[in-house]
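Down below is the structure, laid out as structure tokens.
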2 protein chains.
Amino acid sequence: MTLAALPLPVAPGGTIGILGGGQLGRMLSLAAARLGLKTHIYSDEAGAPAFAVSAAHTHAAYRHEASLADFARDVDVITFEFENVPSETVEFLAALKPTRPGARALAVTQDRLAEKDFLNRLGIATARYAGVAGSAQARAALAAIGTPAILKTRRFGYDGKGQARIAGDHELESALESIHGAPAILERLVDFACECSLVAARGADGSFAAYDPPENVHREQILRRSQVPSRLALAQHAEATAIARTIADALAYVGVLTVEFFATEDGGLLVNEIAPRVHNSGHWTLEACMVSQFEQHIRAVAGWPLGDPSRHSNAEMVNLIGAEAEEWKALSAQPVALHLYGKHEIRPGRKMGHFTRLSPLAGPPGGAAGD
Amino acid sequence: MTLAALPLPVAPGGTIGILGGGQLGRMLSLAAARLGLKTHIYSDEAGAPAFAVSAAHTHAAYRHEASLADFARDVDVITFEFENVPSETVEFLAALKPTRPGARALAVTQDRLAEKDFLNRLGIATARYAGVAGSAQARAALAAIGTPAILKTRRFGYDGKGQARIAGDHELESALESIHGAPAILERLVDFACECSLVAARGADGSFAAYDPPENVHREQILRRSQVPSRLALAQHAEATAIARTIADALAYVGVLTVEFFATEDGGLLVNEIAPRVHNSGHWTLEACMVSQFEQHIRAVAGWPLGDPSRHSNAEMVNLIGAEAEEWKALSAQPVALHLYGKHEIRPGRKMGHFTRLSPLAGPPGGAAGD
């Protein structure tokens, strides 16, 4: 594979190409605009939310080579808002224009088994797991791993899609049926104290910047709220940051990446998964930081210096899922930052918007020295 | 004149029409997007900065009725980013779609003499002034007002354009020549302690919300920096807020309006001018408040509740004028929020971008009680 070289940095007036036109692409577009950069959104969805805020958009299939070639010609650098873009698409584009993060980051994070193997080769702890193809192998894996466990398709899962919990051996067959024989990974369910994530960025120059890790609450495997600060101990916070940096360096990563963790009662950290992109659990950075995760990603892929990830406030972000978005009128009267994604149709489980509440940092600087 | 009625509020998915496509229209578009609203920008400038972040745009003359009618059909409510839009344009549009703020606000603020008369009828203090048409009247006015004074065209002035200072009587003739006989106003120059402004909003329901007044520094009649908090005394702050509310109520205003003040050494306040729009001196609200002046204006014209104008931080905003924007690379490495407006061409005196620096509020809550 030939890789296009990037004349750095992309100057104001340049164009960032973004594969995917959902709310993440939309917020990336808004962030690029702040820096005087244009965006060109490529999505296979008619009326994708990001189209309404971008200078140009292409509505075409992700494997339509003529459209991809036209798209590549129009932009200075290419990135994506979701990890399930076909790897062939990224390889095709990477030969035409710098594409960040690259095909390697995508290959590792598109496949749950490859991802877990990658982490363990780096010495990073995860839940016990095994690859599963067929029911004989699944039974052996379940015996080794124990219950409760969770069966996940290796590819194309998000928000709990393609997953089945296994409380006891008798539930294995129905779990296998629910994923229709797709290649899978079996993981031991972790008894965690809390879930958290680390949103970090690696620049084109190898620089690294991490936001404070929020504590995350999921319901039905969909993120509901994220809160900073989390209950993580300082040592766990430092360990999470070091893990994210190890991952980013190993992938020669450029852009924002997110590592999801389980924090265990004994103070340990297990990596749950890596998202090669901006992340729902980082939306609070829009209000609580000078440079949001979206601007940080744009800065990284455009070859700009990374921004300061420190936060000036505590924050709580709450998702609006499905019909919850109908509460927009009541929420608009609350002292919160309300974000609605411009999606035409409310569907159960669909992320329609979010809101963020800020509060002052605990322990004002110098406050303890008072006179 | 018939006025179109507004079904309130404009729901997410609706479209705000904006006359003018400069940086203010651009930042209004970005704010509307956060709320799930679309924008349609109407500008007579090819490649206007706001076009790149709006769902639709019309590039046409402000008096082209067919284009205006098409524009009105496509939007739910109409507003503008600058006060020099022709009043005929606003009257034409107001008959087709709700247009906010209305023709009355525009008529008063487009004409410096009408504006000063309006203020004085409300009992609001201004510098001494007189209308001037022809050199005989100008001489009489100068004798009454005294020097130093400033001669300004009544209409179409901004950033110091159409203004001439008069240090002594002998400079009157050249001042009159410089404005080519346009109808004018002569104002006594104010010896101020500082300049400040108040950015406030009035909702469709008559509600009112004011941001803290920044202290502003101009150079060559162009705003260079704005800082909150200002050096205003609490009583002046309260008086400025009361004045803005009086003005907004008198105009039955809907949207954000800005009142510029001179604060005098003796603790007085004189109104310099009213801008019927979001304002350069309010850009710091993007980072220091949950709801920026841009979102506040969108909320008001769309019939939403006004947002909380309180600030969580102190802030300093610095404009990038002309070639100063070439410093973007160095600024991108500073811990500031950098904004570039996507203007293709750098011209002397042109506002190309700005940056904002935040700092913690002075006197942390409870900090003085320390132990």
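All residue names refer to the structure tokens as shown: chains lettered A, B, ... in order, residues numbered from 1 in each chain, ligands numbered from 1 in order.
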
Per residue of chain B within 8 Å of chain A, note the shortest atom pair and the distance in Å to one decimal, counting only C-alpha atoms, and order the rows by chain and increasing residue number, as a Markdown table.
```
| residue | atom | partner | partner_atom | distance |
| --- | --- | --- | --- | --- |
| B:Pro12 | CA | A:Gly342 | CA | 6.8 |
| B:Gly13 | CA | A:Gly342 | CA | 5.9 |
| B:Leu30 | CA | A:Leu30 | CA | 6.3 |
| B:Ala33 | CA | A:Val53 | CA | 7.3 |
| B:Arg34 | CA | A:His339 | CA | 5.0 |
| B:Leu35 | CA | A:Leu340 | CA | 5.0 |
| B:Gly36 | CA | A:Gly342 | CA | 4.4 |
| B:Leu37 | CA | A:Gly342 | CA | 6.9 |
| B:Lys38 | CA | A:Ala52 | CA | 6.8 |
| B:Phe51 | CA | A:Ala55 | CA | 7.2 |
| B:Ala52 | CA | A:Ala55 | CA | 4.1 |
| B:Val53 | CA | A:Val53 | CA | 4.3 |
| B:Ser54 | CA | A:Val53 | CA | 5.2 |
| B:Ala55 | CA | A:Ala52 | CA | 4.1 |
| B:Ala56 | CA | A:Ala52 | CA | 7.8 |
| B:Glu287 | CA | A:Met290 | CA | 7.0 |
| B:Met290 | CA | A:Ala337 | CA | 5.6 |
| B:Val291 | CA | A:Ala337 | CA | 6.7 |
| B:Trp304 | CA | A:Ser332 | CA | 7.2 |
| B:Pro305 | CA | A:Ala333 | CA | 5.6 |
| B:Leu306 | CA | A:Ala333 | CA | 7.3 |
| B:Gly307 | CA | A:Pro335 | CA | 6.9 |
| B:Asp308 | CA | A:Pro335 | CA | 5.8 |
| B:His312 | CA | A:Pro360 | CA | 7.6 |
| B:Lys329 | CA | A:Trp304 | CA | 7.9 |
| B:Ser332 | CA | A:Pro305 | CA | 6.5 |
| B:Ala333 | CA | A:Pro305 | CA | 5.6 |
| B:Gln334 | CA | A:Gly307 | CA | 7.8 |
| B:Pro335 | CA | A:Asp308 | CA | 5.8 |
| B:Val336 | CA | A:Met290 | CA | 6.8 |
| B:Ala337 | CA | A:Met290 | CA | 5.7 |
| B:Leu338 | CA | A:Leu35 | CA | 6.6 |
| B:His339 | CA | A:Arg34 | CA | 5.0 |
| B:Leu340 | CA | A:Gly36 | CA | 4.6 |
| B:Tyr341 | CA | A:Gly36 | CA | 5.3 |
| B:Gly342 | CA | A:Gly36 | CA | 4.4 |
| B:Lys343 | CA | A:Gly13 | CA | 7.8 |
| B:His344 | CA | A:Gly13 | CA | 7.1 |
| B:Pro360 | CA | A:His312 | CA | 7.6 |
| B:Pro364 | CA | A:Pro364 | CA | 6.0 |
| B:Pro365 | CA | A:Pro364 | CA | 7.9 |
| B:Gly366 | CA | A:Gly367 | CA | 7.8 |
| B:Gly367 | CA | A:Gly367 | CA | 4.5 |
| B:Ala368 | CA | A:Gly370 | CA | 5.3 |
| B:Ala369 | CA | A:Gly370 | CA | 6.4 |
| B:Gly370 | CA | A:Gly370 | CA | 4.2 |
| B:Asp371 | CA | A:Ala368 | CA | 6.4 |
```

Requested write-out: N, CA and C atoms of the selected residues, as a compact mmCIF listing (two decimals), in the first residue's frame:
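Here's the written file selection.txt:
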```txt
# COMPACT_ATOMS: atom_id res chain seq x y z
N PRO B 12 -36.57 22.05 16.72
CA PRO B 12 -35.37 21.49 16.10
C PRO B 12 -35.70 20.92 14.72
N GLY B 13 -34.81 21.15 13.78
CA GLY B 13 -35.08 20.78 12.39
C GLY B 13 -35.53 21.98 11.58
N LEU B 30 -23.15 28.31 13.61
CA LEU B 30 -22.57 27.25 14.45
C LEU B 30 -23.41 27.08 15.72
N ALA B 33 -26.68 25.27 14.98
CA ALA B 33 -26.46 23.83 14.77
C ALA B 33 -26.45 23.08 16.08
N ARG B 34 -25.87 23.68 17.12
CA ARG B 34 -25.83 23.03 18.43
C ARG B 34 -27.24 22.69 18.91
N LEU B 35 -28.21 23.54 18.57
CA LEU B 35 -29.59 23.35 19.00
C LEU B 35 -30.41 22.51 18.02
N GLY B 36 -29.75 21.96 17.00
CA GLY B 36 -30.48 21.15 16.04
C GLY B 36 -31.26 21.97 15.03
N LEU B 37 -30.92 23.27 14.93
CA LEU B 37 -31.57 24.15 13.95
C LEU B 37 -30.67 24.34 12.75
N LYS B 38 -31.27 24.49 11.59
CA LYS B 38 -30.51 24.76 10.37
C LYS B 38 -30.46 26.26 10.12
N PHE B 51 -21.24 30.77 4.55
CA PHE B 51 -21.77 29.78 3.61
C PHE B 51 -21.26 28.37 3.94
N ALA B 52 -20.00 28.29 4.42
CA ALA B 52 -19.36 26.98 4.59
C ALA B 52 -19.92 26.18 5.76
N VAL B 53 -20.76 26.80 6.59
CA VAL B 53 -21.28 26.08 7.76
C VAL B 53 -22.81 26.13 7.83
N SER B 54 -23.45 26.45 6.71
CA SER B 54 -24.91 26.55 6.71
C SER B 54 -25.50 25.51 5.77
N ALA B 55 -26.74 25.10 6.10
CA ALA B 55 -27.40 24.07 5.30
C ALA B 55 -27.74 24.59 3.91
N ALA B 56 -28.01 25.90 3.81
CA ALA B 56 -28.36 26.49 2.52
C ALA B 56 -27.83 27.91 2.48
N GLU B 287 -16.68 31.01 25.24
CA GLU B 287 -15.94 30.12 26.13
C GLU B 287 -16.32 30.29 27.59
N MET B 290 -22.19 29.18 29.46
CA MET B 290 -22.80 27.96 28.92
C MET B 290 -23.56 28.26 27.63
N VAL B 291 -24.15 29.44 27.58
CA VAL B 291 -24.91 29.86 26.39
C VAL B 291 -24.26 31.14 25.88
N TRP B 304 -37.31 30.51 21.69
CA TRP B 304 -36.92 29.62 22.78
C TRP B 304 -36.73 30.45 24.06
N PRO B 305 -36.69 29.79 25.22
CA PRO B 305 -36.35 30.53 26.44
C PRO B 305 -34.92 31.06 26.33
N LEU B 306 -34.68 32.23 26.91
CA LEU B 306 -33.31 32.74 26.95
C LEU B 306 -32.45 31.83 27.83
N GLY B 307 -31.18 31.72 27.48
CA GLY B 307 -30.26 30.91 28.27
C GLY B 307 -29.66 31.71 29.41
N ASP B 308 -29.00 30.99 30.31
CA ASP B 308 -28.34 31.58 31.47
C ASP B 308 -27.10 32.37 31.00
N HIS B 312 -18.67 31.46 33.97
CA HIS B 312 -17.98 30.60 34.93
C HIS B 312 -16.51 30.97 35.07
N LYS B 329 -0.28 30.19 13.42
CA LYS B 329 0.48 28.99 13.76
C LYS B 329 1.03 29.11 15.18
N SER B 332 -1.82 28.89 17.66
CA SER B 332 -2.42 27.55 17.81
C SER B 332 -1.69 26.73 18.86
N ALA B 333 -0.48 27.15 19.23
CA ALA B 333 0.27 26.43 20.27
C ALA B 333 0.09 27.07 21.65
N GLN B 334 -0.68 28.15 21.72
CA GLN B 334 -0.93 28.82 23.00
C GLN B 334 -2.18 28.24 23.67
N PRO B 335 -2.27 28.35 25.00
CA PRO B 335 -3.47 27.84 25.69
C PRO B 335 -4.63 28.84 25.61
N VAL B 336 -5.08 29.09 24.40
CA VAL B 336 -6.20 30.00 24.15
C VAL B 336 -7.20 29.30 23.23
N ALA B 337 -8.41 29.83 23.21
CA ALA B 337 -9.40 29.37 22.24
C ALA B 337 -9.23 30.24 21.00
N LEU B 338 -8.78 29.62 19.92
CA LEU B 338 -8.48 30.35 18.68
C LEU B 338 -9.66 30.23 17.72
N HIS B 339 -10.07 31.36 17.17
CA HIS B 339 -11.16 31.39 16.19
C HIS B 339 -10.67 32.07 14.92
N LEU B 340 -10.79 31.39 13.81
CA LEU B 340 -10.46 31.99 12.51
C LEU B 340 -11.72 31.93 11.65
N TYR B 341 -11.96 33.02 10.90
CA TYR B 341 -13.27 33.21 10.31
C TYR B 341 -13.42 32.67 8.88
N GLY B 342 -12.36 32.06 8.35
CA GLY B 342 -12.49 31.49 7.02
C GLY B 342 -12.54 32.54 5.92
N LYS B 343 -11.95 33.71 6.16
CA LYS B 343 -11.91 34.74 5.12
C LYS B 343 -10.71 34.48 4.22
N HIS B 344 -10.94 34.57 2.91
CA HIS B 344 -9.90 34.17 1.97
C HIS B 344 -8.78 35.18 1.90
N PRO B 360 -9.58 31.74 36.14
CA PRO B 360 -10.60 31.47 37.14
C PRO B 360 -11.23 32.77 37.65
N PRO B 364 -12.55 32.78 44.80
CA PRO B 364 -13.30 31.52 44.70
C PRO B 364 -14.34 31.44 45.80
N PRO B 365 -15.50 30.85 45.46
CA PRO B 365 -16.58 30.79 46.45
C PRO B 365 -16.08 30.11 47.72
N GLY B 366 -16.20 30.78 48.82
CA GLY B 366 -15.78 30.20 50.09
C GLY B 366 -14.28 30.26 50.32
N GLY B 367 -13.54 30.75 49.32
CA GLY B 367 -12.08 30.74 49.44
C GLY B 367 -11.59 31.57 50.61
N ALA B 368 -12.30 32.68 50.87
CA ALA B 368 -11.86 33.59 51.93
C ALA B 368 -12.03 33.00 53.32
N ALA B 369 -12.82 31.92 53.40
CA ALA B 369 -13.09 31.31 54.71
C ALA B 369 -12.00 30.33 55.12
N GLY B 370 -11.00 30.14 54.25
CA GLY B 370 -9.96 29.11 54.40
C GLY B 370 -9.47 28.89 55.84
N ASP B 371 -8.83 27.75 56.06
CA ASP B 371 -8.45 27.41 57.43
C ASP B 371 -6.97 27.05 57.51
```

DSSP alpha helix (DSSP H) selection over range 152-219 of chain A, as number ranges by chain: A: 172-178

Residue subset to file, keeping C-alpha atoms, as an mmCIF file, in the first residue's frame:
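Everything below was put into result_26.cif:
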```cif
data_model
loop_
_atom_site.group_PDB
_atom_site.id
_atom_site.type_symbol
_atom_site.label_atom_id
_atom_site.label_comp_id
_atom_site.auth_asym_id
_atom_site.auth_seq_id
_atom_site.Cartn_x
_atom_site.Cartn_y
_atom_site.Cartn_z
ATOM 1 C CA LEU A 172 -24.453 -20.769 25.470
ATOM 2 C CA GLU A 173 -26.481 -22.254 22.601
ATOM 3 C CA SER A 174 -29.055 -19.446 22.521
ATOM 4 C CA ALA A 175 -26.228 -16.882 22.677
ATOM 5 C CA LEU A 176 -24.552 -18.536 19.681
ATOM 6 C CA GLU A 177 -27.859 -18.553 17.796
ATOM 7 C CA SER A 178 -28.385 -14.849 18.499
#
```

Correct to one decimal, the distance CA of His170 in chain B-CA of Leu142 in chain B is 10.8 Å

Atomic separation - CA of Ile274 in chain B relative to CA of Ala138 in chain B, Å: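 These atoms are spaced 24.1 Å apart.
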
In terms of the shortest atom-to-atom distance over only C-alpha atoms, which of A:Ala95, A:Ala204, A:Ala105, A:Leu232 is closest to Ala263 in chain A?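 Comparing A:Ala95, A:Ala204, A:Ala105, A:Leu232 against Ala263 in chain A, the winner is A:Leu232.
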
Near-Glu239 in chain A list (12 Å; only C-alpha atoms; drop same-chain fewer than 4 positions) as a count of residues only: 22

Write down as a ChimeraX atom specification the residues belonging to range 82-238 of chain B that are assigned strand (DSSP E or B) by DSSP computed on the backbone. /B:99,126,129-132,149-153,163-166,184-188,192-202,208-210,215-219,222-228

Name the residues in contact with Arg350 in chain B at a cut-off of 10 Å, using only C-alpha atoms, excluding same-chain residues fewer than 5 positions from it; report them as a list in words.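 After dropping sequence-adjacent residues, the list is Asp159, Ile222, Leu320, Ile321, Gly322, Ala323, Glu324, Ala325, Lys343 and Glu345 of chain B.
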
Please identify all polymer residues within 8 Å of Gly102 in chain B, counting only C-alpha atoms, omitting same-chain residues fewer than 2 positions from it, and present them as JSON, numbers by chain. {"B": [90, 94, 99, 100, 104, 105, 106, 253, 254]}

Just-selected residues, N, CA and C atoms written as an mmCIF file, in the first residue's frame:
```cif
data_model
loop_
_atom_site.group_PDB
_atom_site.id
_atom_site.type_symbol
_atom_site.label_atom_id
_atom_site.label_comp_id
_atom_site.auth_asym_id
_atom_site.auth_seq_id
_atom_site.Cartn_x
_atom_site.Cartn_y
_atom_site.Cartn_z
ATOM 1 N N VAL B 90 -35.691 44.520 4.748
ATOM 2 C CA VAL B 90 -36.306 43.978 5.962
ATOM 3 C C VAL B 90 -37.822 44.135 5.913
ATOM 4 N N ALA B 94 -40.301 41.067 6.134
ATOM 5 C CA ALA B 94 -41.165 41.011 7.324
ATOM 6 C C ALA B 94 -42.619 40.751 6.950
ATOM 7 N N THR B 99 -39.601 38.510 11.252
ATOM 8 C CA THR B 99 -38.266 39.069 11.076
ATOM 9 C C THR B 99 -37.884 39.771 12.375
ATOM 10 N N ARG B 100 -36.803 39.297 12.990
ATOM 11 C CA ARG B 100 -36.440 39.753 14.332
ATOM 12 C C ARG B 100 -34.986 40.100 14.438
ATOM 13 N N ARG B 104 -38.339 48.484 13.200
ATOM 14 C CA ARG B 104 -38.191 49.662 14.064
ATOM 15 C C ARG B 104 -36.792 49.711 14.688
ATOM 16 N N ALA B 105 -36.312 48.578 15.180
ATOM 17 C CA ALA B 105 -34.967 48.525 15.770
ATOM 18 C C ALA B 105 -33.929 48.925 14.730
ATOM 19 N N LEU B 106 -34.143 48.454 13.512
ATOM 20 C CA LEU B 106 -33.211 48.756 12.439
ATOM 21 C C LEU B 106 -33.244 50.243 12.102
ATOM 22 N N TYR B 253 -38.000 44.788 21.401
ATOM 23 C CA TYR B 253 -36.902 44.106 20.732
ATOM 24 C C TYR B 253 -36.963 42.599 20.975
ATOM 25 N N VAL B 254 -36.635 41.806 19.965
ATOM 26 C CA VAL B 254 -36.458 40.355 20.139
ATOM 27 C C VAL B 254 -35.122 39.961 19.532
#
```

Find the residue from A:Gly17, A:Gly146, A:Gly162, A:Pro276 that sits nearest to Val75 in chain A; use only C-alpha atoms when measuring. A:Gly17

Excluding Phe262 in chain B and residues on its chain fewer than 4 positions from it, collect all residues at most 10 Å away from it, counting only C-alpha atoms, and give them as a list in words.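 That gives Thr126, Ala127, Val190, Asp191, Phe192, Ala193, Cys194, Glu195, Cys196, Ser197, Glu215, Asn216, Gly268, Leu269, Leu270, Val271, Asn272 and Glu273 of chain B.
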
Considering only C-alpha atoms, state which residue in the set A:Val85, A:Ile16, A:Ala114, A:Val256 is at the smallest distance from Phe71 in chain A.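 The shortest atom-to-atom distance to Phe71 in chain A comes from A:Ile16.
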
Would you mind reading off the distance between CA of Ala362 in chain A and CA of Ala315 in chain B, one decimal, in Å?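 About the pair CA of Ala362 in chain A and CA of Ala315 in chain B: they are 20.3 Å apart.
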